[in-house]
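Note: the block below is upload-v7.cif and it holds mmCIF, C-alpha atoms.
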```
data_final
loop_
_atom_site.label_atom_id
_atom_site.label_comp_id
_atom_site.auth_asym_id
_atom_site.auth_seq_id
_atom_site.Cartn_x
_atom_site.Cartn_y
_atom_site.Cartn_z
CA MET P 1 0.00 0.00 0.00
CA GLY P 2 1.36 3.39 -1.00
CA ARG P 3 1.27 6.49 1.13
CA LEU P 4 0.70 10.12 0.24
CA ALA P 5 3.41 11.51 2.46
CA PHE P 6 3.61 15.15 1.39
CA ALA P 7 1.67 17.84 -0.48
CA ALA P 8 2.46 21.41 -1.40
CA ALA P 9 1.97 24.12 -4.01
CA THR P 10 4.04 27.01 -5.34
CA SER P 11 4.10 29.65 -8.04
CA HIS P 12 6.37 28.89 -10.98
CA VAL P 13 7.14 32.00 -13.06
CA GLY P 14 10.50 31.88 -14.87
CA ALA P 15 11.74 35.15 -13.34
CA ILE P 16 12.14 33.32 -10.03
CA VAL P 17 15.34 31.77 -11.34
CA LYS P 18 16.22 34.22 -14.12
CA ASN P 19 16.09 37.29 -11.88
CA PRO P 20 16.39 35.80 -8.40
CA GLY P 21 17.78 38.86 -6.65
CA ALA P 22 15.10 41.34 -7.71
CA ASP P 23 13.67 43.34 -4.77
CA PRO P 24 16.06 41.57 -2.36
CA GLU P 25 14.01 42.11 0.80
CA ILE P 26 10.94 40.50 -0.75
CA SER P 27 12.68 37.87 -2.87
CA GLY P 28 14.90 36.88 0.06
CA GLU P 29 11.82 36.00 2.11
CA LEU P 30 10.45 33.93 -0.76
CA HIS P 31 13.72 32.10 -1.39
CA GLU P 32 13.87 31.26 2.32
CA ALA P 33 10.36 29.80 2.10
CA TRP P 34 11.41 27.59 -0.82
CA ARG P 35 14.41 26.40 1.20
CA THR P 36 12.07 25.54 4.08
CA LEU P 37 9.75 23.67 1.73
CA ASP P 38 12.68 21.81 0.19
CA ALA P 39 13.84 20.70 3.64
CA GLU P 40 10.37 19.38 4.39
CA ILE P 41 10.36 17.43 1.12
CA ALA P 42 13.75 15.91 1.98
CA ALA P 43 12.48 14.97 5.46
CA ALA P 44 9.46 13.20 3.91
CA ARG P 45 11.82 10.63 2.26
CA LEU P 46 9.76 10.46 -0.93
CA ASP P 47 10.08 7.78 -3.60
CA ALA P 48 8.37 9.98 -6.19
CA VAL P 49 6.76 13.39 -6.60
CA ILE P 50 3.65 13.89 -8.72
CA LEU P 51 4.41 17.33 -10.12
CA VAL P 52 1.21 19.03 -11.27
CA ALA P 53 1.75 21.86 -13.73
CA THR P 54 0.69 23.24 -17.08
CA ASP P 55 2.47 23.94 -20.38
CA HIS P 56 2.93 27.06 -22.48
CA TYR P 57 2.79 25.54 -25.99
CA GLU P 58 6.18 23.84 -25.72
CA THR P 59 5.10 20.20 -25.31
CA PHE P 60 1.45 20.47 -26.31
CA GLY P 61 0.03 22.40 -29.26
CA LEU P 62 -3.28 22.67 -30.98
CA GLU P 63 -2.66 19.44 -32.92
CA ASN P 64 -2.95 17.56 -29.61
CA TYR P 65 -4.04 19.35 -26.45
CA PRO P 66 -5.30 17.08 -23.67
CA ALA P 67 -7.11 18.18 -20.53
CA PHE P 68 -4.79 16.03 -18.40
CA CYS P 69 -1.68 14.03 -19.28
CA LEU P 70 0.64 11.86 -17.19
CA GLY P 71 4.30 11.64 -18.15
CA LEU P 72 5.65 8.09 -18.10
CA ALA P 73 9.22 8.54 -19.32
CA ASP P 74 12.31 7.14 -17.61
CA GLU P 75 13.74 10.63 -17.88
CA HIS P 76 12.12 13.98 -18.64
CA GLU P 77 14.01 16.74 -20.41
CA GLY P 78 13.42 20.43 -19.77
CA TRP P 79 12.80 22.69 -22.75
CA ALA P 80 14.99 25.50 -21.38
CA GLU P 81 12.75 27.88 -23.31
CA PHE P 82 13.63 31.59 -23.10
CA GLY P 83 16.49 30.92 -20.70
CA ASN P 84 14.41 28.88 -18.24
CA PRO P 85 15.97 25.84 -16.53
CA GLY P 86 16.62 22.84 -18.74
CA GLY P 87 18.47 19.62 -18.04
CA THR P 88 16.82 16.32 -17.20
CA VAL P 89 15.03 14.84 -14.23
CA ALA P 90 14.42 11.18 -13.50
CA GLY P 91 10.91 9.90 -14.11
CA ARG P 92 9.09 7.25 -12.14
CA PRO P 93 7.28 5.38 -14.94
CA ALA P 94 6.25 2.34 -12.89
CA ILE P 95 4.45 4.55 -10.39
CA GLY P 96 3.01 6.65 -13.21
CA GLU P 97 1.67 3.61 -15.03
CA ALA P 98 0.03 2.28 -11.86
CA LEU P 99 -1.57 5.67 -11.20
CA LEU P 100 -2.79 5.87 -14.80
CA ALA P 101 -4.44 2.44 -14.61
CA ASP P 102 -6.08 3.24 -11.28
CA LEU P 103 -7.33 6.69 -12.32
CA THR P 104 -8.70 5.26 -15.57
CA ALA P 105 -10.64 2.68 -13.58
CA ARG P 106 -12.03 5.53 -11.48
CA GLY P 107 -13.36 7.29 -14.59
CA PHE P 108 -10.55 9.76 -15.33
CA ASP P 109 -9.50 9.41 -18.96
CA LEU P 110 -6.00 10.88 -18.73
CA ALA P 111 -3.72 11.00 -21.74
CA ARG P 112 -0.23 9.56 -21.40
CA SER P 113 3.15 10.49 -22.84
CA HIS P 114 6.31 8.40 -22.87
CA THR P 115 8.39 11.31 -24.21
CA MET P 116 6.93 14.25 -22.26
CA ALA P 117 9.29 17.22 -22.08
CA LEU P 118 8.83 19.87 -19.40
CA ASP P 119 8.58 23.63 -19.69
CA HIS P 120 9.25 26.18 -16.95
CA SER P 121 6.04 25.35 -15.08
CA PHE P 122 7.78 22.10 -14.08
CA THR P 123 11.47 23.02 -14.21
CA VAL P 124 11.39 26.23 -12.15
CA PRO P 125 9.88 24.49 -9.09
CA LEU P 126 12.36 21.64 -9.52
CA ALA P 127 15.20 24.18 -9.56
CA LYS P 128 13.94 25.67 -6.29
CA LEU P 129 13.10 22.28 -4.73
CA PRO P 130 16.03 19.98 -5.49
CA ALA P 131 14.75 17.37 -3.03
CA ALA P 132 11.71 16.93 -5.27
CA ALA P 133 13.94 16.44 -8.30
CA ALA P 134 16.04 13.93 -6.37
CA ALA P 135 12.92 11.89 -5.56
CA GLY P 136 12.05 11.56 -9.27
CA VAL P 137 8.87 12.86 -10.83
CA VAL P 138 5.61 11.77 -12.39
CA PRO P 139 4.64 14.96 -14.28
CA LEU P 140 0.92 15.61 -14.47
CA PHE P 141 -0.02 18.20 -17.10
CA VAL P 142 -3.24 20.17 -16.61
CA ASN P 143 -4.71 22.40 -19.30
CA CYS P 144 -4.85 25.81 -17.66
CA ASN P 145 -4.76 28.11 -20.67
CA THR P 146 -6.58 26.75 -23.75
CA PRO P 147 -10.39 26.71 -23.41
CA PRO P 148 -12.36 24.67 -22.78
CA LEU P 149 -10.51 24.10 -19.52
CA PRO P 150 -11.29 21.27 -17.11
CA THR P 151 -13.54 22.73 -14.44
CA LEU P 152 -12.24 23.63 -11.00
CA ARG P 153 -14.52 20.96 -9.56
CA ARG P 154 -13.16 18.31 -11.94
CA CYS P 155 -9.62 19.22 -10.89
CA ALA P 156 -10.56 18.86 -7.24
CA GLU P 157 -12.16 15.50 -8.00
CA LEU P 158 -8.98 14.40 -9.77
CA GLY P 159 -6.94 15.38 -6.72
CA ALA P 160 -9.13 13.28 -4.44
CA ALA P 161 -8.92 10.33 -6.84
CA LEU P 162 -5.17 10.78 -7.07
CA ARG P 163 -4.94 10.39 -3.31
CA GLU P 164 -6.82 7.08 -3.48
CA ALA P 165 -4.69 5.93 -6.40
CA VAL P 166 -1.52 6.61 -4.41
CA HIS P 167 -2.90 4.59 -1.49
CA ALA P 168 -3.61 1.72 -3.90
CA LEU P 169 -0.02 1.58 -5.18
CA PRO P 170 1.69 -1.77 -4.61
CA GLY P 171 4.48 -1.89 -2.09
CA ASP P 172 5.19 0.89 0.37
CA ALA P 173 6.00 3.83 -1.93
CA ARG P 174 6.03 7.25 -0.28
CA VAL P 175 4.67 9.76 -2.76
CA GLY P 176 4.35 13.54 -2.71
CA VAL P 177 2.22 15.84 -4.83
CA ILE P 178 3.19 19.42 -5.66
CA GLY P 179 0.97 21.79 -7.61
CA THR P 180 2.62 24.67 -9.45
CA GLY P 181 1.11 27.81 -10.94
CA GLY P 182 -0.44 31.22 -10.33
CA LEU P 183 -1.18 33.20 -8.41
CA SER P 184 -2.59 36.43 -9.87
CA HIS P 185 -0.88 37.56 -13.05
CA TRP P 186 -1.69 38.56 -16.59
CA VAL P 187 0.35 36.90 -19.36
CA GLY P 188 0.57 38.62 -22.77
CA LEU P 189 -2.36 40.91 -21.95
CA PRO P 190 -2.62 44.71 -21.51
CA ARG P 191 -2.61 44.28 -17.72
CA PHE P 192 0.74 42.44 -17.80
CA GLY P 193 2.54 43.26 -14.57
CA ASP P 194 -0.62 43.76 -12.49
CA ILE P 195 -1.10 41.72 -9.32
CA ASN P 196 -4.31 41.35 -7.31
CA ALA P 197 -3.14 40.68 -3.75
CA GLU P 198 -6.74 40.73 -2.49
CA PHE P 199 -7.66 37.81 -4.76
CA ASP P 200 -4.52 35.92 -3.78
CA GLY P 201 -5.19 36.47 -0.09
CA ARG P 202 -8.78 35.29 -0.44
CA LEU P 203 -7.64 32.12 -2.21
CA LEU P 204 -4.93 31.35 0.33
CA GLY P 205 -7.23 32.12 3.25
CA LEU P 206 -9.80 29.61 2.01
CA LEU P 207 -7.11 26.97 1.54
CA GLU P 208 -5.76 27.68 5.04
CA ARG P 209 -9.23 27.05 6.42
CA GLY P 210 -9.52 23.87 4.36
CA ASP P 211 -12.52 25.40 2.59
CA ALA P 212 -11.95 24.71 -1.09
CA GLY P 213 -15.70 24.40 -1.65
CA GLU P 214 -16.12 28.15 -2.08
CA ILE P 215 -13.30 28.20 -4.64
CA LEU P 216 -15.05 25.52 -6.68
CA ALA P 217 -17.98 27.90 -7.16
CA TRP P 218 -15.77 30.51 -8.88
CA ASP P 219 -16.12 30.79 -12.64
CA ASP P 220 -13.25 31.27 -15.06
CA ALA P 221 -14.57 34.58 -16.42
CA THR P 222 -14.45 36.10 -12.94
CA ILE P 223 -11.00 34.68 -12.22
CA LEU P 224 -9.75 36.02 -15.53
CA ASP P 225 -11.16 39.47 -14.83
CA GLU P 226 -10.02 39.69 -11.20
CA ALA P 227 -6.66 37.92 -11.30
CA GLY P 228 -5.61 37.36 -14.92
CA ASN P 229 -5.19 34.41 -17.21
CA GLY P 230 -2.25 33.21 -15.13
CA ALA P 231 -4.57 32.72 -12.16
CA LEU P 232 -6.41 30.01 -14.07
CA GLU P 233 -3.45 27.87 -12.96
CA ILE P 234 -5.01 27.60 -9.50
CA ARG P 235 -6.29 24.29 -10.89
CA THR P 236 -2.93 22.80 -9.95
CA TRP P 237 -3.29 24.08 -6.38
CA LEU P 238 -6.75 22.53 -6.13
CA ILE P 239 -5.43 19.17 -7.26
CA ALA P 240 -2.72 19.25 -4.60
CA ALA P 241 -5.11 20.51 -1.91
CA SER P 242 -7.71 17.87 -2.69
CA ALA P 243 -5.10 15.13 -2.77
CA ALA P 244 -3.88 16.21 0.67
CA GLY P 245 -7.35 16.55 2.15
CA GLY P 246 -6.17 18.97 4.84
CA PRO P 247 -5.68 22.72 5.24
CA ALA P 248 -2.82 24.72 3.80
CA ARG P 249 0.06 26.15 5.78
CA VAL P 250 1.22 29.22 3.88
CA LEU P 251 4.98 29.55 4.12
CA ALA P 252 5.07 32.85 2.24
CA TYR P 253 2.99 35.15 0.08
CA ARG P 254 4.20 38.37 -1.46
CA PRO P 255 3.13 40.43 -4.45
CA MET P 256 6.29 40.49 -6.57
CA PRO P 257 6.05 43.24 -9.22
CA ALA P 258 9.57 42.55 -10.46
CA TRP P 259 8.43 39.03 -11.33
CA THR P 260 4.96 40.27 -12.46
CA VAL P 261 3.11 37.78 -10.25
CA GLY P 262 1.72 37.18 -6.80
CA ILE P 263 4.00 34.49 -5.36
CA GLY P 264 2.50 31.90 -3.04
CA ILE P 265 4.30 29.00 -1.36
CA ALA P 266 2.34 26.55 0.78
CA ALA P 267 2.36 23.06 2.23
CA PHE P 268 -0.80 21.08 2.92
CA GLU P 269 -1.64 18.91 5.87
CA VAL P 270 -2.11 15.37 4.61
CA ALA P 271 -5.24 13.94 6.16
CA ALA P 272 -4.95 10.57 7.88
#
```

Would you put the structure from the file into structure tokens?
Amino acid sequence: MGRLAFAAATSHVGAIVKNPGADPEISGELHEAWRTLDAEIAAARLDAVILVATDHYETFGLENYPAFCLGLADEHEGWAEFGNPGGTVAGRPAIGEALLADLTARGFDLARSHTMALDHSFTVPLAKLPAAAAAGVVPLFVNCNTPPLPTLRRCAELGAALREAVHALPGDARVGVIGTGGLSHWVGLPRFGDINAEFDGRLLGLLERGDAGEILAWDDATILDEAGNGALEIRTWLIAASAAGGPARVLAYRPMPAWTVGIGIAAFEVAA
């Protein structure tokens, strides 16, 4: 029987690693939070990390754009697009294949890829959380930017099913799940550079109270208007939160104008 031993979520914008020293007082606090999170990942002694992220038309294009896709490669290569982190990270295909079979049986028709490359939504968090990279990853792509998007509720349902699928793994694998994306930011739009700290605080407050139900009632048009197209990536946070089943512990939140995004870093209590 497997065990979900860790859950967390973090923002993933490329400027985190390309301009790490911007606004040193603010960025220093954020980098310290990532170091804290990395130490917690190392202490969890994970055998694999399910890394939940999106893609920005590097791996998936309009010729083939799934709602969800699990990566099942022995090794995943980073695109290193626009100066973002590249390199390779070990996959955990046996765990990924078992999760795929279980989730399919539960009614989740995920796509699969045996050659899935990773853009900055995966590689930036791995650069900041080397313990996650050391554990090996099962990348889980979520469509967060090309309508029609999977609903917030469907993402939460997938997170809950993912938890059960981890528990059903053979052996005694210790698995973590980390969602990456958001928070408020506008990508390629006239409001590029804006941050809505009120929206971010409302989201994080609900997660801290373990009250994702209110978030599930939000509609994409409102999210887009209030917090930008980048905030549609909160789907990855919902998957991680629902997998954990417990409230969030926010390690840091700061609006970061130099990185054009509201940066959130949180761990989730994993329910017994």

> Near segment 61-69 of chain P, within 12 Å and counting all atoms listed in the file, which residues show up once chain neighbours fewer than 4 positions away are dropped, as a PyMOL selection string?
Replying inline: chain P and resi 50-57+96-97+99-100+103-104+108-117+138-151+154-155+158-159+235-236+239

For segment 25-29 of chain P, find every residue with an atom within 8 Å (counting only C-alpha atoms), except residues of its own chain fewer than 5 positions away, and show them as a PDB file with C-alpha atoms, in the frame of the given file.
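The result, written out as part_19.pdb:
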```pdb
ATOM      1  CA  PRO P  20      16.390  35.800  -8.400  1.00  0.00           C
ATOM      2  CA  ALA P 252       5.070  32.850   2.240  1.00  0.00           C
ATOM      3  CA  ARG P 254       4.200  38.370  -1.460  1.00  0.00           C
ATOM      4  CA  MET P 256       6.290  40.490  -6.570  1.00  0.00           C
TER       5      MET P 256
END
```

> Hey, can you check how far atom CA of Ala133 of chain P sits from atom CA of Gly182 of chain P?
Replying inline: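 So the answer is 20.7 Å.
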
>> Residue by residue, what does the PyMOL selection byres ((chain P and resi 77-80) around 10) grab here? Present the result as a ChimeraX atom specification.
In response: /P:58-59,73,75-76,81-91,115-120,122-124

> Could you spell out the hits of the PyMOL selection byres ((chain P and resi 2) around 7) on the shown file, as a ChimeraX atom specification?
Replying inline: /P:1,3-4,166-174

Next, dump the selected residues to file, keeping only C-alpha atoms, as a PDB file, keeping the file's coordinate frame.
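again.pdb was written with the following content:
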```pdb
ATOM      1  CA  MET P   1       0.000   0.000   0.000  1.00  0.00           C
ATOM      2  CA  ARG P   3       1.270   6.490   1.130  1.00  0.00           C
ATOM      3  CA  LEU P   4       0.700  10.120   0.240  1.00  0.00           C
ATOM      4  CA  VAL P 166      -1.520   6.610  -4.410  1.00  0.00           C
ATOM      5  CA  HIS P 167      -2.900   4.590  -1.490  1.00  0.00           C
ATOM      6  CA  ALA P 168      -3.610   1.720  -3.900  1.00  0.00           C
ATOM      7  CA  LEU P 169      -0.020   1.580  -5.180  1.00  0.00           C
ATOM      8  CA  PRO P 170       1.690  -1.770  -4.610  1.00  0.00           C
ATOM      9  CA  GLY P 171       4.480  -1.890  -2.090  1.00  0.00           C
ATOM     10  CA  ASP P 172       5.190   0.890   0.370  1.00  0.00           C
ATOM     11  CA  ALA P 173       6.000   3.830  -1.930  1.00  0.00           C
ATOM     12  CA  ARG P 174       6.030   7.250  -0.280  1.00  0.00           C
TER      13      ARG P 174
END
```

> Asp47 of chain P: which residues within 10 Å, counting only C-alpha atoms, same-chain residues fewer than 3 positions away excluded, as a list in words?
Replying inline: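 My list of contacting residues is Ala5, Ala44, Arg92, Ile95, Ala132, Ala134, Ala135, Gly136, Val137, Asp172, Ala173, Arg174, Val175 and Gly176 of chain P.
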
> Nearest to Ala43 of chain P: which of P:Ala131, P:Ala244, P:Leu203, P:Leu30 is it, counting all atoms listed in the file?
Replying inline: P:Ala131

> When you draw a straight line from atom CA of Glu214 of chain P to atom CA of Arg106 of chain P, how long is it in Å?
Replying inline: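 Going from atom CA of Glu214 of chain P over to atom CA of Arg106 of chain P covers 24.8 Å.
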
>> I'd like the neighbourhood of Gly210 of chain P as a PyMOL selection string, where a residue qualifies if any of its atoms comes within 9 Å (using all atoms listed in the file), though same-chain residues fewer than 6 positions away should be ignored.
In response: chain P and resi 241+245-248

> Using all atoms listed in the file, which residue out of P:Gly228, P:Gly107, P:Gly193, P:Gly21 lies closest to Ala161 of chain P?
Replying inline: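 Once distances to Ala161 of chain P are computed over all atoms listed in the file, the minimum belongs to P:Gly107.
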
>> Between atom CA of Pro125 of chain P and atom CA of Gly213 of chain P, what distance in Å does the model show, to one decimal?
In response: 26.6 Å

Please write as a PDB file with C-alpha atoms, keeping the file's coordinate frame the full residue list that the PyMOL selection byres ((chain P and resi 253) around 9) yields on this file.
```pdb
ATOM      1  CA  LEU P  30      10.450  33.930  -0.760  1.00  0.00           C
ATOM      2  CA  ASP P 200      -4.520  35.920  -3.780  1.00  0.00           C
ATOM      3  CA  GLY P 201      -5.190  36.470  -0.090  1.00  0.00           C
ATOM      4  CA  LEU P 204      -4.930  31.350   0.330  1.00  0.00           C
ATOM      5  CA  VAL P 250       1.220  29.220   3.880  1.00  0.00           C
ATOM      6  CA  LEU P 251       4.980  29.550   4.120  1.00  0.00           C
ATOM      7  CA  ALA P 252       5.070  32.850   2.240  1.00  0.00           C
ATOM      8  CA  ARG P 254       4.200  38.370  -1.460  1.00  0.00           C
ATOM      9  CA  PRO P 255       3.130  40.430  -4.450  1.00  0.00           C
ATOM     10  CA  GLY P 262       1.720  37.180  -6.800  1.00  0.00           C
ATOM     11  CA  ILE P 263       4.000  34.490  -5.360  1.00  0.00           C
ATOM     12  CA  GLY P 264       2.500  31.900  -3.040  1.00  0.00           C
ATOM     13  CA  ILE P 265       4.300  29.000  -1.360  1.00  0.00           C
ATOM     14  CA  ALA P 266       2.340  26.550   0.780  1.00  0.00           C
TER      15      ALA P 266
END
```

Might I get the box with edges along x, y and z of the file that holds all atoms of segment 179-184 of chain P listed there, padded by 8 Å on every side, given as centre and edge lengths in Å to one decimal, as JSON?
```
{"center_x": 0.0, "center_y": 29.1, "center_z": -9.3, "size_x": 21.2, "size_y": 30.6, "size_z": 19.3}
```

>> At a cut-off of 9 Å, using all atoms listed in the file, what residues contact Ile223 of chain P? Leave out same-chain residues fewer than 4 positions from it and give the result as a list in words.
In response: Ser184, Phe199, Trp218, Asp219, Ala227, Gly228, Asn229, Ala231 and Leu232 of chain P

> Nearest to Pro257 of chain P among P:Arg153, P:Arg35, P:Arg202, P:His185, with distances taken over all atoms listed in the file: which residue is it?
Replying inline: P:His185
